[in-house]
Structures are given as structure tokens and as C-alpha cells.
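So the structure is just underneath, and the comments pick up after that.
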There are 2 protein chains.
Amino acid sequence: MPADRPGQALTLVIFDFPARPPGGPEQAAAMRALAENIAAEPGLHWKLWTESAHEGRAGGVYLFETRAAAEAYHRMHAERLNRLGITGITATYRTLNLDLSSITRGPLSV
Amino acid sequence: MPADRPGQALTLVIFDFPARPPGGPEQAAAMRALAENIAAEPGLHWKLWTESAHEGRAGGVYLFETRAAAEAYHRMHAERLNRLGITGITATYRTLNLDLSSITRGPLSV
């Protein structure tokens, strides 16, 4: 695709880590506050919060405007998770095929 | 969340497999035809087409209306990829935290 095409740098990152046991109302409030903080992250289009009760995993799928924004978030978020006692975090980086994603209604922006 | 909440069954599936070398114009046309076929898949909200030139991987992130729709697609798609000579396919199933995803502009529908 042309080098100057808008959106060419869009970067998808999939975070995945062992889930902690669900907490009570205080944890729920803390998670909402965290979500509001993440929503204000520079260069973030959107985040889906993922869970697997069966596998005991949690994480998120993020779409960032650039790879640099994704990497900056990755560093900060991994440190934040570590402070919460969460380790074993995986982060998978992917670029997107914009033409094919458009045909299948892929959410490339919000 | 309440058992009768709309969207509770939303299922995210992440497919990932070794990438094949890019083909020419004929392959590009075949991929567009495949994308149009996938766009008509029952129960599919959207698909993002993922790539990693660095890791030699390709795949997709899919949002399905139900787990049953996701599993039906998974069976069909794995067979289709196998016929194309693609093996080593991983499929990761996740549910979504709808409240937190809404706060971070997560694309829950189109």
C-alpha cells in the first residue's frame, strides 16, 4: 500500500494474562476508573476488554494510531499490571490489512 | 451481568497462523472474494485482518454474535485454510466485558 496512506501505521495489540479472582464493588469501581483513564490514552482508538472464565485469562484488544503509541502504552501498562501483582503478560503486535478489513466491516476507527 | 442482557454472548475469536508468501494480482483478487464471502457469514459483526511481516504470521480478529456462530465459522474456516495448505492454526476464544469496553469505545457492533 502507498507509504503515505492514512492509517497505514494502525497497530493492533492483544494483551493477555492470568486472570485474578473477581473482586467486590470496590474493585468494580477501580476498574471503571481505570477504563476512563485508558479511554484518555493518547493515540488509542479503542480497547475491547477480553475474558475467559474457562481458561482463567483476562486482557484486551487495542487499536492504536501508531506503533509508537502502542509501545508507549505497552511499557506503562505492563508496569501498572506488575504493580497490581499481575505477571505472565503477553503482548502480540499486529498490523492490519486495511482493504480486506474494510470489506468485512472491520472497526478501523471510531 | 444479567443473564438476559443483549450482547452477553458476544464472542471474540483470534485466529493466527503462519503467513504464506504474498502472491500476485490473482491472489489479491481471490482474497477480496474471500473477504466478501466472510462479510456475509451469519452472526459475524466484523473481522479485522491481521498481519505480522516480522513474525511471519497472518490471521484475524472476529466478533461474533454468539459462541455457536463463532464455532460454526471456526470449523468451516479451519477446513478452508487446510485446503489452502495452511496448518498450525490457533483460535483463541474470549468473551467481553461490555461495561468496561463501552467506556474505552470498544466496537461492540457495527
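Ordered as shown in the C-alpha cells, chains take letters A, B, and onward, while each chain numbers its residues from 1 and ligands are numbered from 1 in the order shown.
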For chain A, work out the contacting residues on chain B at 8 Å, counting only C-alpha atoms, and write them as a ChimeraX atom specification. /B:31-32,35-36,38-39,45-52,93-98,100-101,103-107,110
Selection file, C-alpha atoms, as a CSV table (one decimal), in the first residue's frame:
```
chain,number,residue,atom,x,y,z
B,31,MET,CA,-8.5,-12.6,-1.2
B,32,ARG,CA,-11.1,-9.9,-1.9
B,35,ALA,CA,-13.4,-11.2,2.2
B,36,GLU,CA,-16.8,-10.7,0.5
B,38,ILE,CA,-16.7,-13.8,5.0
B,39,ALA,CA,-18.6,-10.5,5.2
B,45,HIS,CA,-20.3,-8.5,13.3
B,46,TRP,CA,-16.9,-7.8,11.9
B,47,LYS,CA,-13.4,-9.1,11.1
B,48,LEU,CA,-10.1,-7.3,11.2
B,49,TRP,CA,-7.4,-8.9,9.0
B,50,THR,CA,-4.1,-9.1,11.0
B,51,GLU,CA,-0.6,-9.5,9.7
B,52,SER,CA,3.0,-9.6,11.1
B,93,TYR,CA,-11.9,-17.6,22.2
B,94,ARG,CA,-12.8,-14.7,24.5
B,95,THR,CA,-15.9,-13.1,26.0
B,96,LEU,CA,-16.1,-9.4,26.5
B,97,ASN,CA,-16.6,-7.1,29.5
B,98,LEU,CA,-19.3,-4.9,27.9
B,100,LEU,CA,-15.6,-1.6,30.5
B,101,SER,CA,-15.4,-2.0,26.7
B,103,ILE,CA,-16.0,3.1,28.4
B,104,THR,CA,-13.0,2.6,26.1
B,105,ARG,CA,-15.0,2.9,22.8
B,106,GLY,CA,-14.8,-0.8,22.1
B,107,PRO,CA,-16.5,-1.7,18.8
B,110,VAL,CA,-21.4,-2.0,13.6
```
Write out as a PyMOL selection string each polymer residue whose atoms come within 7 Å of Thr66 in chain B, counting only C-alpha atoms; drop sequence neighbours fewer than 4 positions from it. chain B and resi 9-11+43+70
Residues as selected, N, CA and C atoms, written as a JSON list (two decimals), in the first residue's frame, can you do that?
```
[["chain", "number", "residue", "atom", "x", "y", "z"],
["B", 9, "ALA", "N", -23.61, -12.79, 24.83],
["B", 9, "ALA", "CA", -22.98, -13.95, 24.19],
["B", 9, "ALA", "C", -21.93, -13.54, 23.17],
["B", 10, "LEU", "N", -21.74, -12.23, 22.98],
["B", 10, "LEU", "CA", -20.74, -11.77, 22.02],
["B", 10, "LEU", "C", -19.44, -12.53, 22.23],
["B", 11, "THR", "N", -18.88, -13.04, 21.15],
["B", 11, "THR", "CA", -17.69, -13.88, 21.25],
["B", 11, "THR", "C", -16.62, -13.36, 20.31],
["B", 43, "GLY", "N", -24.06, -14.22, 11.65],
["B", 43, "GLY", "CA", -23.65, -13.99, 13.04],
["B", 43, "GLY", "C", -22.34, -13.25, 13.19],
["B", 70, "ALA", "N", -19.58, -18.48, 16.27],
["B", 70, "ALA", "CA", -18.11, -18.50, 16.22],
["B", 70, "ALA", "C", -17.59, -19.91, 15.96]]
```
Hand me chain A as it sits after a least-squares fit onto chain B over every Cα, paired in order, written as a PDB file with C-alpha atoms, in the first residue's frame.
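Written output follows (out_18.pdb):
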```
ATOM      1  CA  MET A   1     -24.324  -9.239  34.287  1.00  0.00           C
ATOM      2  CA  PRO A   2     -28.016 -10.147  33.881  1.00  0.00           C
ATOM      3  CA  ALA A   3     -28.624 -13.363  31.975  1.00  0.00           C
ATOM      4  CA  ASP A   4     -30.978 -11.667  29.534  1.00  0.00           C
ATOM      5  CA  ARG A   5     -28.683  -8.810  28.678  1.00  0.00           C
ATOM      6  CA  PRO A   6     -28.350  -8.325  24.928  1.00  0.00           C
ATOM      7  CA  GLY A   7     -24.830  -8.923  23.704  1.00  0.00           C
ATOM      8  CA  GLN A   8     -23.859 -11.130  26.625  1.00  0.00           C
ATOM      9  CA  ALA A   9     -22.979 -13.923  24.214  1.00  0.00           C
ATOM     10  CA  LEU A  10     -20.724 -11.763  22.028  1.00  0.00           C
ATOM     11  CA  THR A  11     -17.675 -13.878  21.266  1.00  0.00           C
ATOM     12  CA  LEU A  12     -14.299 -12.618  20.105  1.00  0.00           C
ATOM     13  CA  VAL A  13     -12.109 -15.113  18.257  1.00  0.00           C
ATOM     14  CA  ILE A  14      -8.470 -14.510  17.353  1.00  0.00           C
ATOM     15  CA  PHE A  15      -7.155 -16.686  14.518  1.00  0.00           C
ATOM     16  CA  ASP A  16      -3.417 -16.793  13.934  1.00  0.00           C
ATOM     17  CA  PHE A  17      -1.311 -18.944  11.609  1.00  0.00           C
ATOM     18  CA  PRO A  18       1.958 -18.940   9.661  1.00  0.00           C
ATOM     19  CA  ALA A  19       1.738 -16.488   6.777  1.00  0.00           C
ATOM     20  CA  ARG A  20       2.226 -17.607   3.213  1.00  0.00           C
ATOM     21  CA  PRO A  21       4.408 -15.529   0.888  1.00  0.00           C
ATOM     22  CA  PRO A  22       2.362 -12.740  -0.763  1.00  0.00           C
ATOM     23  CA  GLY A  23       1.067 -13.674  -4.183  1.00  0.00           C
ATOM     24  CA  GLY A  24       0.341 -11.612  -7.270  1.00  0.00           C
ATOM     25  CA  PRO A  25      -2.782  -9.890  -8.611  1.00  0.00           C
ATOM     26  CA  GLU A  26      -4.663 -13.175  -8.912  1.00  0.00           C
ATOM     27  CA  GLN A  27      -4.182 -13.904  -5.228  1.00  0.00           C
ATOM     28  CA  ALA A  28      -5.270 -10.371  -4.353  1.00  0.00           C
ATOM     29  CA  ALA A  29      -8.501 -10.856  -6.284  1.00  0.00           C
ATOM     30  CA  ALA A  30      -9.061 -14.210  -4.571  1.00  0.00           C
ATOM     31  CA  MET A  31      -8.542 -12.591  -1.174  1.00  0.00           C
ATOM     32  CA  ARG A  32     -11.096  -9.887  -1.942  1.00  0.00           C
ATOM     33  CA  ALA A  33     -13.590 -12.558  -2.997  1.00  0.00           C
ATOM     34  CA  LEU A  34     -12.877 -14.422   0.232  1.00  0.00           C
ATOM     35  CA  ALA A  35     -13.438 -11.221   2.232  1.00  0.00           C
ATOM     36  CA  GLU A  36     -16.797 -10.680   0.530  1.00  0.00           C
ATOM     37  CA  ASN A  37     -17.732 -14.258   1.405  1.00  0.00           C
ATOM     38  CA  ILE A  38     -16.686 -13.771   5.027  1.00  0.00           C
ATOM     39  CA  ALA A  39     -18.635 -10.486   5.218  1.00  0.00           C
ATOM     40  CA  ALA A  40     -21.813 -12.493   4.533  1.00  0.00           C
ATOM     41  CA  GLU A  41     -21.082 -15.009   7.322  1.00  0.00           C
ATOM     42  CA  PRO A  42     -24.140 -15.447   9.595  1.00  0.00           C
ATOM     43  CA  GLY A  43     -23.646 -13.980  13.044  1.00  0.00           C
ATOM     44  CA  LEU A  44     -20.442 -12.100  12.188  1.00  0.00           C
ATOM     45  CA  HIS A  45     -20.306  -8.460  13.281  1.00  0.00           C
ATOM     46  CA  TRP A  46     -16.860  -7.756  11.871  1.00  0.00           C
ATOM     47  CA  LYS A  47     -13.404  -9.095  11.090  1.00  0.00           C
ATOM     48  CA  LEU A  48     -10.075  -7.297  11.218  1.00  0.00           C
ATOM     49  CA  TRP A  49      -7.374  -8.917   9.034  1.00  0.00           C
ATOM     50  CA  THR A  50      -4.110  -9.111  10.950  1.00  0.00           C
ATOM     51  CA  GLU A  51      -0.546  -9.459   9.698  1.00  0.00           C
ATOM     52  CA  SER A  52       2.956  -9.557  11.081  1.00  0.00           C
ATOM     53  CA  ALA A  53       5.660  -9.356   8.437  1.00  0.00           C
ATOM     54  CA  HIS A  54       8.245  -9.505  11.222  1.00  0.00           C
ATOM     55  CA  GLU A  55       6.921 -12.729  12.754  1.00  0.00           C
ATOM     56  CA  GLY A  56       5.625 -14.242   9.508  1.00  0.00           C
ATOM     57  CA  ARG A  57       2.070 -14.550  10.801  1.00  0.00           C
ATOM     58  CA  ALA A  58      -1.380 -13.771   9.482  1.00  0.00           C
ATOM     59  CA  GLY A  59      -4.879 -14.127  10.837  1.00  0.00           C
ATOM     60  CA  GLY A  60      -7.856 -12.184  12.015  1.00  0.00           C
ATOM     61  CA  VAL A  61      -9.812 -10.864  14.953  1.00  0.00           C
ATOM     62  CA  TYR A  62     -13.520 -11.644  14.681  1.00  0.00           C
ATOM     63  CA  LEU A  63     -16.538 -10.510  16.663  1.00  0.00           C
ATOM     64  CA  PHE A  64     -19.457 -12.941  16.537  1.00  0.00           C
ATOM     65  CA  GLU A  65     -22.968 -12.513  17.906  1.00  0.00           C
ATOM     66  CA  THR A  66     -22.859 -15.864  19.695  1.00  0.00           C
ATOM     67  CA  ARG A  67     -20.414 -18.570  20.650  1.00  0.00           C
ATOM     68  CA  ALA A  68     -22.315 -21.011  18.420  1.00  0.00           C
ATOM     69  CA  ALA A  69     -21.804 -18.759  15.376  1.00  0.00           C
ATOM     70  CA  ALA A  70     -18.095 -18.501  16.227  1.00  0.00           C
ATOM     71  CA  GLU A  71     -17.706 -22.270  16.511  1.00  0.00           C
ATOM     72  CA  ALA A  72     -19.530 -22.905  13.240  1.00  0.00           C
ATOM     73  CA  TYR A  73     -17.263 -20.432  11.467  1.00  0.00           C
ATOM     74  CA  HIS A  74     -14.176 -21.899  13.152  1.00  0.00           C
ATOM     75  CA  ARG A  75     -14.877 -25.395  11.817  1.00  0.00           C
ATOM     76  CA  MET A  76     -15.541 -24.157   8.278  1.00  0.00           C
ATOM     77  CA  HIS A  77     -12.619 -21.717   8.208  1.00  0.00           C
ATOM     78  CA  ALA A  78     -10.075 -24.211   9.570  1.00  0.00           C
ATOM     79  CA  GLU A  79     -11.075 -26.678   6.844  1.00  0.00           C
ATOM     80  CA  ARG A  80     -10.808 -23.955   4.201  1.00  0.00           C
ATOM     81  CA  LEU A  81      -7.352 -22.927   5.410  1.00  0.00           C
ATOM     82  CA  ASN A  82      -6.232 -26.558   5.483  1.00  0.00           C
ATOM     83  CA  ARG A  83      -7.338 -26.968   1.864  1.00  0.00           C
ATOM     84  CA  LEU A  84      -5.129 -23.971   1.032  1.00  0.00           C
ATOM     85  CA  GLY A  85      -2.218 -25.771   2.669  1.00  0.00           C
ATOM     86  CA  ILE A  86      -2.274 -23.635   5.817  1.00  0.00           C
ATOM     87  CA  THR A  87      -1.796 -25.543   9.057  1.00  0.00           C
ATOM     88  CA  GLY A  88      -0.702 -24.631  12.572  1.00  0.00           C
ATOM     89  CA  ILE A  89      -3.809 -22.512  13.091  1.00  0.00           C
ATOM     90  CA  THR A  90      -4.569 -21.245  16.576  1.00  0.00           C
ATOM     91  CA  ALA A  91      -8.019 -19.948  17.587  1.00  0.00           C
ATOM     92  CA  THR A  92      -8.396 -18.104  20.885  1.00  0.00           C
ATOM     93  CA  TYR A  93     -11.919 -17.578  22.237  1.00  0.00           C
ATOM     94  CA  ARG A  94     -12.757 -14.679  24.517  1.00  0.00           C
ATOM     95  CA  THR A  95     -15.867 -13.117  25.974  1.00  0.00           C
ATOM     96  CA  LEU A  96     -16.054  -9.357  26.501  1.00  0.00           C
ATOM     97  CA  ASN A  97     -16.574  -7.126  29.490  1.00  0.00           C
ATOM     98  CA  LEU A  98     -19.243  -4.926  27.932  1.00  0.00           C
ATOM     99  CA  ASP A  99     -19.303  -2.196  30.577  1.00  0.00           C
ATOM    100  CA  LEU A 100     -15.553  -1.581  30.510  1.00  0.00           C
ATOM    101  CA  SER A 101     -15.359  -1.992  26.714  1.00  0.00           C
ATOM    102  CA  SER A 102     -18.033   0.691  26.307  1.00  0.00           C
ATOM    103  CA  ILE A 103     -15.991   3.155  28.357  1.00  0.00           C
ATOM    104  CA  THR A 104     -12.982   2.616  26.076  1.00  0.00           C
ATOM    105  CA  ARG A 105     -14.994   2.940  22.838  1.00  0.00           C
ATOM    106  CA  GLY A 106     -14.809  -0.787  22.113  1.00  0.00           C
ATOM    107  CA  PRO A 107     -16.535  -1.666  18.791  1.00  0.00           C
ATOM    108  CA  LEU A 108     -19.278  -3.945  20.099  1.00  0.00           C
ATOM    109  CA  SER A 109     -21.407  -3.717  16.961  1.00  0.00           C
ATOM    110  CA  VAL A 110     -21.372  -2.079  13.554  1.00  0.00           C
TER     111      VAL A 110
END
```
Those of range 48-110 of chain A in DSSP strand (DSSP E), formatted as a PyMOL selection string: chain A and resi 48-52+57-64+90-96
